[in-house]
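Structure below is entry39.cif: mmCIF, C-alpha atoms and all ligand atoms.
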```cif
data_target
#
loop_
_atom_site.label_atom_id
_atom_site.label_comp_id
_atom_site.auth_asym_id
_atom_site.auth_seq_id
_atom_site.Cartn_x
_atom_site.Cartn_y
_atom_site.Cartn_z
CA MET L 193 -0.46 14.68 4.52
CA CYS L 194 -0.85 13.62 8.11
CA ALA L 195 1.21 13.59 11.24
CA THR L 196 -0.08 10.28 12.59
CA CYS L 197 1.10 8.01 9.85
CA GLY L 198 3.94 9.91 8.17
CA CYS L 199 2.41 10.07 4.71
CA ASP L 200 4.57 12.97 3.59
CA ASP L 201 6.72 13.75 0.61
CA HIS L 202 10.48 13.74 0.61
CA GLN L 203 13.21 15.95 -0.73
CA HIS L 204 16.11 14.39 -2.50
CA SER L 205 19.70 15.19 -1.83
CA HIS L 206 22.40 14.68 -4.42
CA HIS L 207 25.81 13.10 -4.95
CA SER L 208 27.62 9.71 -4.54
CA HIS L 209 28.30 6.82 -6.96
CA LYS L 210 26.66 3.71 -8.31
CA THR L 211 25.63 1.01 -5.79
CA VAL L 212 23.16 -1.82 -5.56
CA VAL L 213 20.80 -1.54 -2.61
CA ASP L 214 19.04 -4.71 -1.45
CA VAL L 215 15.58 -3.49 -0.57
CA GLU L 216 13.52 -6.69 -0.19
CA GLN L 217 10.47 -4.69 0.78
CA ASP L 218 6.86 -5.69 0.27
CA ILE L 219 5.21 -3.15 -2.01
CA LEU L 220 2.12 -3.21 0.20
CA HIS L 221 4.26 -2.80 3.31
CA GLN L 222 2.90 0.65 4.16
CA ASN L 223 -0.71 -0.45 3.74
CA ASN L 224 -0.08 -3.61 5.73
CA LEU L 225 1.49 -1.65 8.59
CA LEU L 226 -1.51 0.64 8.80
CA ALA L 227 -3.85 -2.35 8.51
CA GLU L 228 -2.10 -3.94 11.50
CA ARG L 229 -2.51 -0.70 13.35
CA ASN L 230 -6.26 -0.73 12.63
CA ARG L 231 -6.38 -4.38 13.65
CA GLY L 232 -4.72 -3.54 16.96
CA TYR L 233 -7.23 -0.77 17.54
CA PHE L 234 -10.12 -3.16 16.83
CA GLU L 235 -8.70 -5.80 19.13
CA ALA L 236 -8.11 -3.35 21.95
CA LYS L 237 -11.66 -2.07 21.70
CA GLN L 238 -13.19 -5.48 21.01
CA ILE L 239 -14.62 -4.22 17.73
CA PHE L 240 -15.64 -6.87 15.21
CA ALA L 241 -14.67 -5.39 11.83
CA VAL L 242 -16.10 -6.76 8.57
CA ASN L 243 -14.97 -5.71 5.10
CA LEU L 244 -17.81 -6.14 2.57
CA VAL L 245 -16.78 -6.54 -1.05
CA SER L 246 -18.65 -7.28 -4.30
CA SER L 247 -19.30 -6.14 -7.84
CA PRO L 248 -21.40 -2.97 -8.12
CA GLY L 249 -25.00 -3.73 -7.22
CA SER L 250 -24.67 -7.20 -5.68
CA GLY L 251 -26.41 -5.95 -2.56
CA LYS L 252 -23.83 -4.75 -0.01
CA THR L 253 -25.88 -1.76 1.11
CA SER L 254 -29.15 -3.72 1.02
CA LEU L 255 -27.63 -6.38 3.28
CA LEU L 256 -26.44 -3.72 5.70
CA VAL L 257 -29.72 -1.81 5.78
CA LYS L 258 -31.68 -4.99 6.51
CA THR L 259 -29.17 -6.23 9.09
CA LEU L 260 -28.99 -2.90 10.92
CA THR L 261 -32.77 -2.63 10.99
CA ASP L 262 -33.27 -6.17 12.28
CA LEU L 263 -30.42 -6.33 14.81
CA LYS L 264 -30.01 -2.81 16.12
CA ASP L 265 -31.75 -3.67 19.39
CA PHE L 266 -29.31 -6.54 20.02
CA LEU L 267 -25.94 -5.33 18.78
CA GLU L 268 -24.10 -2.03 18.56
CA PHE L 269 -23.12 -1.11 14.97
CA SER L 270 -21.24 1.48 13.00
CA VAL L 271 -20.57 1.68 9.27
CA ILE L 272 -17.88 3.06 6.98
CA GLU L 273 -19.17 3.58 3.43
CA GLY L 274 -16.66 3.63 0.60
CA ASP L 275 -17.92 5.06 -2.67
CA GLN L 276 -16.28 6.78 -5.60
CA GLN L 277 -18.96 9.48 -5.68
CA THR L 278 -22.13 10.46 -3.80
CA THR L 279 -23.38 9.84 -0.28
CA CYS L 280 -26.44 7.82 -1.42
CA ASP L 281 -25.40 4.63 0.37
CA ALA L 282 -24.37 6.52 3.52
CA ASP L 283 -27.78 8.18 3.51
CA ARG L 284 -29.48 4.77 3.33
CA ILE L 285 -27.43 3.63 6.33
CA HIS L 286 -28.07 6.87 8.22
CA ALA L 287 -31.81 6.35 7.78
CA THR L 288 -31.57 3.20 9.93
CA GLY L 289 -30.26 5.32 12.82
CA THR L 290 -26.74 3.86 12.62
CA LYS L 291 -23.56 5.90 12.94
CA VAL L 292 -22.02 6.12 9.46
CA THR L 293 -18.91 7.73 7.96
CA GLN L 294 -18.52 8.24 4.24
CA ILE L 295 -15.22 7.91 2.41
CA ASN L 296 -15.32 9.20 -1.15
CA THR L 297 -12.44 7.66 -3.03
CA GLY L 298 -12.92 9.82 -6.15
CA LYS L 299 -11.09 8.00 -8.92
CA GLY L 300 -9.76 5.41 -6.45
CA CYS L 301 -11.21 1.97 -7.01
CA HIS L 302 -10.72 0.58 -3.49
CA LEU L 303 -10.44 1.53 0.15
CA ASP L 304 -7.05 1.26 1.80
CA ALA L 305 -5.97 1.00 5.42
CA HIS L 306 -4.96 4.64 5.55
CA MET L 307 -8.44 5.87 4.59
CA VAL L 308 -9.99 3.58 7.19
CA LEU L 309 -7.56 4.81 9.85
CA HIS L 310 -8.68 8.40 9.28
CA ALA L 311 -12.35 7.44 9.19
CA LEU L 312 -11.91 5.69 12.56
CA GLN L 313 -10.30 8.76 14.08
CA GLY L 314 -13.36 10.75 13.11
CA MET L 315 -16.08 8.29 14.09
CA LYS L 316 -14.71 6.63 17.24
CA PRO L 317 -16.78 3.43 17.17
CA LYS L 318 -17.88 2.10 20.55
CA ASP L 319 -16.18 -0.73 22.43
CA ASN L 320 -17.69 -4.18 21.79
CA SER L 321 -19.42 -3.01 18.63
CA THR L 322 -19.56 -4.38 15.10
CA LEU L 323 -18.07 -2.24 12.33
CA PHE L 324 -19.13 -2.84 8.74
CA ILE L 325 -16.91 -1.40 6.05
CA GLU L 326 -18.63 -1.33 2.65
CA ASN L 327 -15.85 -1.29 0.08
CA VAL L 328 -16.11 0.26 -3.37
CA GLY L 329 -18.16 -1.94 -5.73
CA ASN L 330 -15.34 -3.74 -7.53
CA LEU L 331 -14.30 -7.38 -7.49
CA VAL L 332 -10.68 -6.79 -8.45
CA CYS L 333 -8.90 -3.90 -6.76
CA PRO L 334 -10.06 -4.17 -3.11
CA ALA L 335 -8.71 -7.73 -2.93
CA MET L 336 -5.12 -6.66 -2.33
CA PHE L 337 -5.75 -4.09 0.36
CA ASP L 338 -5.98 -5.32 3.92
CA LEU L 339 -7.96 -2.82 5.97
CA GLY L 340 -7.30 -4.56 9.28
CA GLU L 341 -10.65 -6.34 9.19
CA LYS L 342 -11.36 -9.57 11.05
CA GLU L 343 -13.53 -11.05 8.29
CA ARG L 344 -13.85 -10.33 4.59
CA VAL L 345 -17.28 -11.04 3.16
CA VAL L 346 -17.69 -11.29 -0.61
CA ILE L 347 -21.22 -10.99 -2.00
CA ILE L 348 -22.28 -12.40 -5.34
CA SER L 349 -25.85 -12.17 -6.59
CA VAL L 350 -27.67 -14.72 -8.71
CA THR L 351 -27.98 -12.22 -11.58
CA GLU L 352 -24.22 -12.55 -12.04
CA GLY L 353 -22.56 -15.52 -13.72
CA ASP L 354 -21.84 -18.71 -11.78
CA ASP L 355 -18.25 -18.58 -13.07
CA LYS L 356 -17.53 -15.34 -11.14
CA PRO L 357 -15.31 -17.03 -8.54
CA LEU L 358 -13.10 -18.36 -11.34
CA LYS L 359 -12.97 -15.01 -13.11
CA TYR L 360 -12.16 -13.07 -9.95
CA PRO L 361 -10.18 -15.62 -7.94
CA ASP L 362 -8.18 -13.11 -5.87
CA MET L 363 -11.27 -11.79 -4.16
CA PHE L 364 -12.73 -15.22 -3.43
CA HIS L 365 -9.34 -16.45 -2.31
CA SER L 366 -8.91 -13.63 0.20
CA SER L 367 -12.44 -13.74 1.63
CA THR L 368 -13.64 -15.75 4.59
CA LEU L 369 -17.39 -15.79 3.89
CA CYS L 370 -19.26 -15.76 0.59
CA ILE L 371 -22.87 -14.61 0.50
CA ILE L 372 -24.97 -15.61 -2.47
CA ASN L 373 -27.64 -12.88 -2.58
CA LYS L 374 -30.95 -12.36 -4.41
CA ILE L 375 -32.00 -16.00 -4.25
CA ASP L 376 -35.60 -14.77 -4.61
CA LEU L 377 -34.70 -14.29 -8.29
CA LEU L 378 -33.53 -17.88 -8.84
CA PRO L 379 -36.71 -18.93 -10.71
CA TYR L 380 -36.08 -16.22 -13.30
CA VAL L 381 -32.38 -16.56 -14.00
CA ASP L 382 -30.05 -19.18 -15.34
CA PHE L 383 -27.83 -19.51 -12.28
CA ASN L 384 -26.62 -22.80 -10.86
CA VAL L 385 -26.12 -22.39 -7.10
CA GLU L 386 -24.30 -25.72 -6.72
CA LYS L 387 -21.93 -24.79 -9.51
CA VAL L 388 -21.05 -21.39 -8.06
CA LYS L 389 -20.44 -22.99 -4.68
CA ALA L 390 -18.17 -25.61 -6.22
CA ASN L 391 -16.29 -22.92 -8.13
CA ALA L 392 -15.89 -20.78 -5.01
CA LEU L 393 -14.55 -23.75 -3.05
CA LYS L 394 -12.10 -24.60 -5.83
CA VAL L 395 -10.58 -21.16 -5.36
CA ASN L 396 -10.73 -21.20 -1.56
CA HIS L 397 -11.46 -24.46 0.21
CA GLN L 398 -11.91 -22.67 3.55
CA LEU L 399 -14.65 -20.33 2.35
CA GLU L 400 -17.96 -20.43 4.23
CA ILE L 401 -21.03 -19.91 2.03
CA ILE L 402 -24.49 -18.57 2.90
CA GLU L 403 -27.41 -18.20 0.46
CA LEU L 404 -29.96 -15.49 1.17
CA SER L 405 -32.26 -12.80 -0.13
CA CYS L 406 -32.24 -9.29 1.30
CA THR L 407 -35.61 -8.71 -0.33
CA SER L 408 -37.59 -11.75 0.82
CA GLY L 409 -35.56 -12.28 4.00
CA GLU L 410 -35.01 -15.95 3.21
CA GLY L 411 -31.70 -17.17 4.65
CA MET L 412 -31.06 -13.99 6.64
CA ASP L 413 -31.19 -16.04 9.85
CA LYS L 414 -28.07 -17.94 8.73
CA TRP L 415 -26.20 -14.68 8.25
CA TYR L 416 -27.37 -13.40 11.63
CA ASN L 417 -26.24 -16.62 13.27
CA TRP L 418 -22.86 -16.29 11.61
CA LEU L 419 -22.60 -12.72 12.92
CA LYS L 420 -23.67 -13.68 16.41
CA THR L 421 -21.12 -16.49 16.64
CA LYS L 422 -18.36 -14.18 15.46
CA VAL L 423 -19.24 -11.39 17.85
CA HIS L 424 -19.57 -13.97 20.61
CA VAL L 425 -16.21 -15.52 19.78
CA SER L 426 -14.42 -12.20 20.05
CA ASP L 427 -16.13 -11.64 23.42
CA LEU L 428 -14.91 -15.04 24.59
CA SER L 429 -11.37 -14.42 23.47
CA TYR L 430 -11.44 -11.31 25.63
CA SER L 431 -12.63 -13.02 28.80
CA TYR L 432 -10.40 -16.10 28.87
CA MET M 38 -6.85 -0.05 -11.60
CA HIS M 39 -5.19 -0.83 -8.28
CA GLU M 40 -1.95 -1.00 -10.28
CA LEU M 41 -1.79 2.78 -10.01
CA SER M 42 -1.66 2.64 -6.21
CA ILE M 43 0.89 -0.15 -6.50
CA VAL M 44 3.17 1.99 -8.68
CA MET M 45 2.75 4.90 -6.29
CA SER M 46 3.85 2.67 -3.42
CA ILE M 47 6.87 1.57 -5.45
CA VAL M 48 7.79 5.21 -6.07
CA GLU M 49 7.48 5.89 -2.36
CA ILE M 50 9.72 2.97 -1.41
CA ALA M 51 12.32 3.97 -4.01
CA SER M 52 12.29 7.61 -2.91
CA GLN M 53 12.73 6.62 0.71
CA GLN M 54 15.64 4.33 -0.11
CA ALA M 55 17.30 6.89 -2.37
CA LEU M 56 16.96 9.51 0.34
CA GLN M 57 18.50 7.22 2.94
CA ALA M 58 21.39 6.41 0.63
CA ASN M 59 21.86 10.02 -0.34
CA ALA M 60 21.35 9.14 -4.01
CA SER M 61 19.99 11.45 -6.65
CA VAL M 62 19.47 8.89 -9.40
CA VAL M 63 17.90 5.44 -9.46
CA GLU M 64 19.28 3.75 -12.56
CA GLU M 65 17.51 0.45 -12.17
CA ILE M 66 14.76 -1.07 -10.06
CA GLU M 67 14.20 -4.80 -9.68
CA LEU M 68 10.70 -5.95 -8.79
CA GLU M 69 9.36 -9.35 -7.87
CA ILE M 70 5.75 -9.81 -8.93
CA GLY M 71 4.43 -13.35 -8.62
CA THR M 72 1.98 -14.73 -11.17
CA LEU M 73 -0.63 -15.09 -8.38
CA SER M 74 -0.08 -11.62 -6.92
CA GLY M 75 -3.19 -10.11 -8.49
CA ILE M 76 -1.19 -7.68 -10.61
CA GLU M 77 -1.75 -7.40 -14.35
CA ILE M 78 1.62 -6.57 -15.88
CA ASN M 79 -0.01 -4.68 -18.77
CA ALA M 80 -1.98 -2.54 -16.37
CA LEU M 81 1.14 -1.99 -14.29
CA GLU M 82 3.09 -0.80 -17.32
CA PHE M 83 0.27 1.53 -18.25
CA ALA M 84 0.08 2.94 -14.72
CA TRP M 85 3.86 3.18 -14.55
CA ALA M 86 4.11 5.73 -17.35
CA GLU M 87 1.62 7.96 -15.52
CA ALA M 88 2.82 7.53 -11.98
CA VAL M 89 6.59 7.88 -12.34
CA ARG M 90 6.44 11.22 -14.13
CA ASN M 91 8.41 13.85 -12.18
CA THR M 92 9.56 11.28 -9.63
CA ILE M 93 12.92 9.65 -8.95
CA LEU M 94 11.83 6.69 -11.11
CA GLU M 95 11.04 8.74 -14.19
CA ASN M 96 14.00 7.44 -16.20
CA THR M 97 14.67 4.24 -14.28
CA LEU M 98 15.12 0.90 -15.99
CA ARG M 99 12.54 -1.55 -14.66
CA VAL M 100 13.29 -5.25 -14.27
CA ILE M 101 10.43 -7.55 -13.29
CA ASN M 102 10.94 -11.11 -12.05
CA ARG M 103 7.83 -13.26 -12.12
CA PRO M 104 7.95 -16.20 -9.69
CA GLU M 105 5.57 -18.92 -10.92
CA GLY M 106 2.81 -20.20 -8.68
CA ARG M 107 3.41 -23.35 -6.65
CA ALA M 108 1.21 -25.21 -4.21
CA ARG M 109 1.27 -28.19 -1.88
CA CYS M 110 -1.65 -30.59 -1.77
CA LEU M 111 -3.09 -30.97 1.73
CA ASP M 112 -4.47 -34.41 0.87
CA CYS M 113 -1.48 -36.16 -0.69
CA ASN M 114 1.37 -33.72 -0.04
CA THR M 115 2.33 -33.35 -3.73
CA ASP M 116 4.19 -30.15 -4.56
CA PHE M 117 3.14 -28.79 -7.95
CA ALA M 118 3.06 -25.76 -10.27
CA ILE M 119 -0.19 -23.80 -10.55
CA GLN M 120 -1.34 -21.13 -12.96
CA GLN M 121 -4.55 -20.32 -11.06
CA TYR M 122 -5.85 -20.66 -7.51
CA PHE M 123 -8.40 -23.19 -8.71
CA ASP M 124 -5.96 -25.61 -10.33
CA PRO M 125 -6.43 -29.05 -8.75
CA CYS M 126 -3.64 -31.29 -7.47
CA PRO M 127 -2.31 -33.19 -10.53
CA ALA M 128 -1.79 -36.34 -8.45
CA CYS M 129 -5.14 -36.70 -6.69
CA GLY M 130 -7.41 -33.99 -8.10
CA SER M 131 -7.92 -32.29 -4.73
CA HIS M 132 -8.62 -28.58 -4.33
CA PHE M 133 -7.39 -28.61 -0.74
CA ILE M 134 -4.13 -26.93 -1.50
CA ASN M 135 -1.83 -24.37 0.08
CA ILE M 136 -0.16 -21.76 -2.10
CA THR M 137 3.57 -21.78 -1.43
CA ARG M 138 4.84 -19.39 -4.11
CA GLY M 139 3.61 -16.87 -6.66
CA LYS M 140 2.06 -14.22 -4.42
CA GLU M 141 5.26 -12.16 -4.15
CA LEU M 142 4.92 -8.41 -4.55
CA LYS M 143 8.23 -6.83 -3.68
CA VAL M 144 10.86 -4.26 -4.46
CA LYS M 145 13.96 -6.47 -4.57
CA SER M 146 16.75 -4.01 -5.23
CA LEU M 147 17.78 -0.66 -6.64
CA VAL M 148 20.84 0.47 -8.52
CA ILE M 149 21.51 4.02 -7.38
CA ALA M 150 24.04 6.66 -8.23
N1 LIG L 501 -34.53 -9.06 -6.06
C1 LIG L 501 -33.59 -8.68 -5.21
N2 LIG L 501 -32.99 -7.48 -5.37
C2 LIG L 501 -32.05 -7.11 -4.47
C3 LIG L 501 -31.67 -7.95 -3.39
N3 LIG L 501 -30.70 -7.32 -2.69
C4 LIG L 501 -30.48 -6.14 -3.30
N4 LIG L 501 -31.29 -6.00 -4.37
C5 LIG L 501 -31.36 -4.85 -5.30
O1 LIG L 501 -30.12 -4.73 -6.00
C6 LIG L 501 -29.83 -3.36 -6.26
C7 LIG L 501 -28.43 -3.02 -5.77
O2 LIG L 501 -28.36 -3.19 -4.37
P1 LIG L 501 -27.34 -2.41 -3.46
O3 LIG L 501 -27.57 -2.89 -2.08
O4 LIG L 501 -27.41 -0.95 -3.71
O5 LIG L 501 -25.96 -2.96 -4.02
P2 LIG L 501 -24.46 -2.53 -3.62
O6 LIG L 501 -23.64 -3.75 -3.67
O7 LIG L 501 -24.48 -1.76 -2.35
O8 LIG L 501 -24.09 -1.58 -4.83
P3 LIG L 501 -22.86 -0.53 -4.96
O9 LIG L 501 -22.70 0.15 -3.62
O10 LIG L 501 -23.28 0.39 -6.04
O11 LIG L 501 -21.67 -1.35 -5.33
C8 LIG L 501 -30.91 -2.57 -5.56
O12 LIG L 501 -31.86 -2.20 -6.53
C9 LIG L 501 -31.50 -3.53 -4.57
O13 LIG L 501 -32.85 -3.28 -4.29
C10 LIG L 501 -32.33 -9.22 -3.26
O14 LIG L 501 -32.06 -10.03 -2.36
N5 LIG L 501 -33.27 -9.53 -4.21
MG MG L 502 -23.68 0.11 -1.91
ZN ZN L 503 -3.12 -34.38 -3.99
#
```
So that I can check it, write out the structure of this file as structure tokens.
Ligand SMILES: Nc1nc2c(ncn2[C@@H]2O[C@H](COP(=O)(O)OP(=O)(O)OP(=O)(O)O)[C@@H](O)[C@H]2O)c(=O)[nH]1
Ligand SMILES: [Mg+2]
Ligand SMILES: [Zn+2]
Amino acid sequence: MCATCGCDDHQHSHHSHKTVVDVEQDILHQNNLLAERNRGYFEAKQIFAVNLVSSPGSGKTSLLVKTLTDLKDFLEFSVIEGDQQTTCDADRIHATGTKVTQINTGKGCHLDAHMVLHALQGMKPKDNSTLFIENVGNLVCPAMFDLGEKERVVIISVTEGDDKPLKYPDMFHSSTLCIINKIDLLPYVDFNVEKVKANALKVNHQLEIIELSCTSGEGMDKWYNWLKTKVHVSDLSYSY
Amino acid sequence: MHELSIVMSIVEIASQQALQANASVVEEIELEIGTLSGIEINALEFAWAEAVRNTILENTLRVINRPEGRARCLDCNTDFAIQQYFDPCPACGSHFINITRGKELKVKSLVIA
């Protein structure tokens, strides 16, 4: 229950006879409204919001920890951590000195715009900062739920199959950047980078793709450049 | 199982509409769920049984329309049916396509009493 977004229950009243009501309403309407509200908040405060999605263990938290450590002197960050249980990932983020808010979804398999709205009210991220939202490790459910983010980044690691984009097309279709992580393990696994890229582009021809390793650091510069251009672009759009 | 949240949203929309119309019973609900919407109908049915219990939709007849996916090729402008996002254009083989139908996820109508 909350007063800000009207998420209350209703009582039913009785009486009257049979009629057809044309509803024509998007089932995700409520989520989309709240997502737009978050988006407006981000735009007003010039916050660059990134929704990070992947299967469990592809390296979302590792990417964040490394990025926060390397870039904290250059950019202002905050993080929302979505997990079904535990604060382990939030603790890893906290250890880098970054402001972090944990959302435990319990049985819920994805974050939604409503949860993010409440997390924002609590954390109040700074103007002109970058907000990372680590979604629940799940390649299916988070795909449908707009959080109001500017960019959606899907991570796949080389220990997963190169047919992942075809098996989970919704997520690859709705993302704007795909990170292929753990490339330090390429010599040890049967993973065809060219094939996964081709598959990802079949699902979404606009997808950008970056290969990197959070462990060895190889390719991290490409990700940082991507981030810097995006942050820069939102600055520019403010000052025109 | 995002289908559970989807059913809960459907219940919310139906309750709201019933309240507005002063109705106490929803006899029928018509949904539009495109084949590219990301919803598994089996999972939806499973979630439905759970989520409608003790709600206005508990005994409601459910009708689901399933618009088939369609796309337009950005290279040769062919309009064609697709089953999956990664289906190529049948005329030129291109993957540069725009989805034009199949992502619908809507409550179309209710029959109330
Ligand atoms: N070899 C190698 N291991 C990595 C790399 N990146 C992450 N890992 C390891 O992969 C495991 C999972 O990484 P996390 O960052 O926790 O993955 P996650 O996506 O946040 O996982 P969930 O939050 O549980 O969904 C950890 O043991 C990491 O050390 C990499 O580039 N190379
Ligand atoms: Mg994590
Ligand atoms: Zn074509």
| query | In Å, how far is it from atom CA of L:Glu410 to atom CA of L:Gln398? | reply |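 Interatomic distance, atom CA of L:Glu410 to atom CA of L:Gln398: 24.1 Å.
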| chain M residues near chain L (6 Å cut-off, only C-alpha atoms) as a count of residues only | 18
| said: 8 Å from ligand LIG 501 (chain L) is the threshold here; counting only C-alpha atoms and all ligand atoms, which polymer residues fall inside it? Answer as a PyMOL selection string. | reply: chain L and resi 245-256+275+281+326-330+347+349+373-377+404-409
Residues of the last selection are to be written out with C-alpha atoms, as a PDB file, in the frame of the given file.
```
ATOM      1  CA  VAL L 245     -16.780  -6.540  -1.050  1.00  0.00           C
ATOM      2  CA  SER L 246     -18.650  -7.280  -4.300  1.00  0.00           C
ATOM      3  CA  SER L 247     -19.300  -6.140  -7.840  1.00  0.00           C
ATOM      4  CA  PRO L 248     -21.400  -2.970  -8.120  1.00  0.00           C
ATOM      5  CA  GLY L 249     -25.000  -3.730  -7.220  1.00  0.00           C
ATOM      6  CA  SER L 250     -24.670  -7.200  -5.680  1.00  0.00           C
ATOM      7  CA  GLY L 251     -26.410  -5.950  -2.560  1.00  0.00           C
ATOM      8  CA  LYS L 252     -23.830  -4.750  -0.010  1.00  0.00           C
ATOM      9  CA  THR L 253     -25.880  -1.760   1.110  1.00  0.00           C
ATOM     10  CA  SER L 254     -29.150  -3.720   1.020  1.00  0.00           C
ATOM     11  CA  LEU L 255     -27.630  -6.380   3.280  1.00  0.00           C
ATOM     12  CA  LEU L 256     -26.440  -3.720   5.700  1.00  0.00           C
ATOM     13  CA  ASP L 275     -17.920   5.060  -2.670  1.00  0.00           C
ATOM     14  CA  ASP L 281     -25.400   4.630   0.370  1.00  0.00           C
ATOM     15  CA  GLU L 326     -18.630  -1.330   2.650  1.00  0.00           C
ATOM     16  CA  ASN L 327     -15.850  -1.290   0.080  1.00  0.00           C
ATOM     17  CA  VAL L 328     -16.110   0.260  -3.370  1.00  0.00           C
ATOM     18  CA  GLY L 329     -18.160  -1.940  -5.730  1.00  0.00           C
ATOM     19  CA  ASN L 330     -15.340  -3.740  -7.530  1.00  0.00           C
ATOM     20  CA  ILE L 347     -21.220 -10.990  -2.000  1.00  0.00           C
ATOM     21  CA  SER L 349     -25.850 -12.170  -6.590  1.00  0.00           C
ATOM     22  CA  ASN L 373     -27.640 -12.880  -2.580  1.00  0.00           C
ATOM     23  CA  LYS L 374     -30.950 -12.360  -4.410  1.00  0.00           C
ATOM     24  CA  ILE L 375     -32.000 -16.000  -4.250  1.00  0.00           C
ATOM     25  CA  ASP L 376     -35.600 -14.770  -4.610  1.00  0.00           C
ATOM     26  CA  LEU L 377     -34.700 -14.290  -8.290  1.00  0.00           C
ATOM     27  CA  LEU L 404     -29.960 -15.490   1.170  1.00  0.00           C
ATOM     28  CA  SER L 405     -32.260 -12.800  -0.130  1.00  0.00           C
ATOM     29  CA  CYS L 406     -32.240  -9.290   1.300  1.00  0.00           C
ATOM     30  CA  THR L 407     -35.610  -8.710  -0.330  1.00  0.00           C
ATOM     31  CA  SER L 408     -37.590 -11.750   0.820  1.00  0.00           C
ATOM     32  CA  GLY L 409     -35.560 -12.280   4.000  1.00  0.00           C
TER      33      GLY L 409
END
```
| If we count all atoms listed in the file, what is near M:Thr97 at a cut-off of 9 Å, once residues fewer than 6 positions away on the same chain are taken out, given as an MDAnalysis selection string? | chainID M and resid 62:66
Go through chain M residue by residue and, counting all atoms listed in the file, keep those with an atom at most 10 Å from ligand ZN 503 (chain L); for each kept residue give the shortest atom pair and its distance in Å to one decimal, ordered by chain and increasing number, as CSV.
```
residue,atom,partner,partner_atom,distance
M:Arg109,CA,L:ZN503,ZN,7.9
M:Cys110,CA,L:ZN503,ZN,4.6
M:Leu111,CA,L:ZN503,ZN,6.7
M:Asp112,CA,L:ZN503,ZN,5.0
M:Cys113,CA,L:ZN503,ZN,4.1
M:Asn114,CA,L:ZN503,ZN,6.0
M:Thr115,CA,L:ZN503,ZN,5.6
M:Asp116,CA,L:ZN503,ZN,8.5
M:Phe117,CA,L:ZN503,ZN,9.3
M:Pro125,CA,L:ZN503,ZN,7.9
M:Cys126,CA,L:ZN503,ZN,4.7
M:Pro127,CA,L:ZN503,ZN,6.7
M:Ala128,CA,L:ZN503,ZN,5.0
M:Cys129,CA,L:ZN503,ZN,4.1
M:Gly130,CA,L:ZN503,ZN,6.0
M:Ser131,CA,L:ZN503,ZN,5.3
M:His132,CA,L:ZN503,ZN,8.0
M:Phe133,CA,L:ZN503,ZN,7.9
M:Ile134,CA,L:ZN503,ZN,7.9
```
With all atoms listed in the file as the counted atoms, please give the residues lying no more than 9 Å from L:Lys237, apart from itself and same-chain residues fewer than 4 positions off, as a compact mmCIF listing (two decimals) with C-alpha atoms, in the coordinates of the input.
```txt
# COMPACT_ATOMS: atom_id res chain seq x y z
CA GLY L 232 -4.72 -3.54 16.96
CA TYR L 233 -7.23 -0.77 17.54
CA PRO L 317 -16.78 3.43 17.17
CA LYS L 318 -17.88 2.10 20.55
CA ASP L 319 -16.18 -0.73 22.43
CA ASN L 320 -17.69 -4.18 21.79
CA SER L 321 -19.42 -3.01 18.63
```
| task | Find the residue from L:Lys359, L:Arg284, L:Lys258, L:Lys264 that sits nearest to ligand MG 502 (chain L); use all atoms listed in the file when measuring. | result |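 Closest candidate: L:Arg284.
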